[in-house]
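J.: Before I ask anything, let me first share the structure, which is written out below as structure tokens.
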Amino acid sequence: MHHRTPPPPEQAAPYRAEPDARFTDELASVLSAARRRALRDGDRQIDTAHLLHSLIETDPEVREAFDGGPRLAKVLGYLVQRSIGYGLRWQGSVEDSGAVPVVGDPAADGWSPSALAAMEDALTRAASRGEGCATGLDLLAALASDAASRAVEVLGGAGVEAAWLTERVAAITAEGARPV
């Protein structure tokens, strides 16, 4: 008797290591969590909404930036809806807000062009303060500043204005940079 072995199920693109090692250990943990979330959800790539979700779950400073429970609860509720089905309309598509020119297949390295742009922006923000590593707040501000990203779509859906969040993070960061 001859049994055919079924072909292996189609899998998401492999996720490589983080694109840059200039992140704090905490932020590197966020990036790894975002990668796991995307893989678990069956998404082709890690997008800005995955990054936002992982940032909120992992970083207490990021949660504090939302200035209270109601805003944070709404964003988390929206993100949970996305992970259990709302985000199906995003599966199989490439998130590209136009922030970075797309060269080749952006899903090949596992990160959406918008997510890569946000990570680069986070590094730039840290460097502008003379810091060698980007933090969760740097990435949050970068995510909120890209009006065409999925993270901003999630924020807007939850009633959080991205411009307000960007300003709030800037104020928190400036406050933390003051000499004591």
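Chain lettering (A, B, ...) mirrors the order of the structure tokens, residue numbering begins at 1 for each chain separately, and ligand numbering begins at 1 in order of display.
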I'd like the neighbourhood of region 117-125 of chain A as a list in words, where a residue qualifies if any of its atoms comes within 7 Å (using only C-alpha atoms), though same-chain residues fewer than 2 positions away should be ignored.
T.: Ala99, Val100, Pro113, Ser114, Ala115, Ala127, Ser128, Arg129, Cys133, Ala134, Asp138, Leu139, Ala142 and Leu143 of chain A
J.: Counting only C-alpha atoms, figure out which residue out of A:Ile46, A:Gly156, A:Ala141, A:Pro60 gets nearest to Ala171 (chain A).
T.: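 Looking only at the distances to Ala171 (chain A), the closest residue turns out to be A:Ala141.
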J.: Could you check how far CA of Ala65 (chain A) sits from CA of Trp111 (chain A), in Å to one decimal?
T.: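 These atoms are spaced 25.2 Å apart.
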J.: Quote the spacing between CA of Glu57 (chain A) and CA of Val152 (chain A) in Å to one decimal place.
T.: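 Taking CA of Glu57 (chain A) and CA of Val152 (chain A), their separation equals 17.0 Å.
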J.: What lies within 12 Å of Ala28 (chain A) using only C-alpha atoms, ignoring chain neighbours under 3 positions off, as a list in words?
T.: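 So, after excluding close chain neighbours, the residues are Ala17, Glu18, Pro19, Asp20, Ala21, Arg22, Phe23, Thr24, Asp25, Leu31, Ser32, Ala33, Ala34, Arg35, Leu51, Ser54, Leu55, Thr58, Asp59, Met119, Cys133, Ala134, Thr135, Gly136 and Leu139 of chain A.
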J.: Give me a file of those residues, with N, CA and C atoms, as a short mmCIF file (atom, residue, chain, number, x, y, z; two decimals), in the first residue's frame.
T.:
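And here's again34.cif as it stands now:
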```
data_model
loop_
_atom_site.label_atom_id
_atom_site.label_comp_id
_atom_site.auth_asym_id
_atom_site.auth_seq_id
_atom_site.Cartn_x
_atom_site.Cartn_y
_atom_site.Cartn_z
N ALA A 17 16.88 37.90 12.55
CA ALA A 17 17.21 38.66 13.76
C ALA A 17 16.82 40.11 13.57
N GLU A 18 16.73 40.81 14.66
CA GLU A 18 16.38 42.22 14.61
C GLU A 18 17.32 42.97 13.67
N PRO A 19 16.80 43.99 12.97
CA PRO A 19 17.61 44.68 11.99
C PRO A 19 18.75 45.50 12.58
N ASP A 20 18.72 45.77 13.88
CA ASP A 20 19.76 46.59 14.47
C ASP A 20 19.91 46.24 15.94
N ALA A 21 21.14 46.21 16.43
CA ALA A 21 21.39 45.84 17.82
C ALA A 21 21.49 47.06 18.73
N ARG A 22 21.17 48.24 18.23
CA ARG A 22 21.31 49.46 19.04
C ARG A 22 20.04 49.77 19.85
N PHE A 23 19.41 48.72 20.38
CA PHE A 23 18.22 48.89 21.20
C PHE A 23 18.55 48.44 22.63
N THR A 24 17.84 48.99 23.61
CA THR A 24 18.01 48.52 24.98
C THR A 24 17.59 47.06 25.03
N ASP A 25 18.00 46.36 26.09
CA ASP A 25 17.58 44.96 26.24
C ASP A 25 16.06 44.86 26.30
N LEU A 31 10.82 43.65 20.51
CA LEU A 31 10.93 43.24 19.11
C LEU A 31 10.75 41.74 18.96
N SER A 32 11.34 40.98 19.89
CA SER A 32 11.17 39.53 19.85
C SER A 32 9.72 39.13 20.10
N ALA A 33 9.06 39.81 21.03
CA ALA A 33 7.65 39.53 21.31
C ALA A 33 6.78 39.87 20.10
N ALA A 34 7.09 40.94 19.41
CA ALA A 34 6.34 41.31 18.21
C ALA A 34 6.52 40.24 17.13
N ARG A 35 7.72 39.72 17.01
CA ARG A 35 7.98 38.66 16.03
C ARG A 35 7.16 37.42 16.37
N LEU A 51 4.28 45.78 16.83
CA LEU A 51 5.23 46.50 17.69
C LEU A 51 4.50 47.26 18.79
N SER A 54 3.16 44.80 21.50
CA SER A 54 4.24 44.29 22.34
C SER A 54 4.82 45.38 23.24
N LEU A 55 4.92 46.59 22.74
CA LEU A 55 5.40 47.71 23.56
C LEU A 55 4.50 47.92 24.76
N THR A 58 4.81 45.10 27.34
CA THR A 58 6.12 44.88 27.94
C THR A 58 6.68 46.06 28.72
N ASP A 59 6.43 47.29 28.27
CA ASP A 59 7.14 48.45 28.79
C ASP A 59 6.26 49.33 29.68
N MET A 119 11.64 51.72 13.52
CA MET A 119 12.83 51.35 14.30
C MET A 119 13.99 52.30 13.99
N CYS A 133 21.39 53.84 22.64
CA CYS A 133 20.35 52.83 22.44
C CYS A 133 18.97 53.47 22.46
N ALA A 134 18.11 52.96 21.61
CA ALA A 134 16.71 53.41 21.57
C ALA A 134 15.93 52.71 22.67
N THR A 135 14.93 53.40 23.21
CA THR A 135 14.07 52.86 24.26
C THR A 135 12.66 52.61 23.72
N GLY A 136 11.82 52.06 24.57
CA GLY A 136 10.43 51.85 24.20
C GLY A 136 9.72 53.15 23.90
N LEU A 139 10.53 54.26 20.41
CA LEU A 139 9.77 53.51 19.41
C LEU A 139 8.30 53.92 19.41
#
```
J.: If I take CA of His50 (chain A) and CA of Leu155 (chain A), how far is one from the other in Å, to one decimal?
T.: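 CA of His50 (chain A) sits 12.5 Å away from CA of Leu155 (chain A).
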J.: Env of Lys74 (chain A): 8 Å cut, atoms = only C-alpha atoms, seq-sep filter 3 positions within chain, self excluded. Answer as a list in words.
T.: Pro70, Arg71, Gly77, Tyr78, Ala158 and Gly159 of chain A
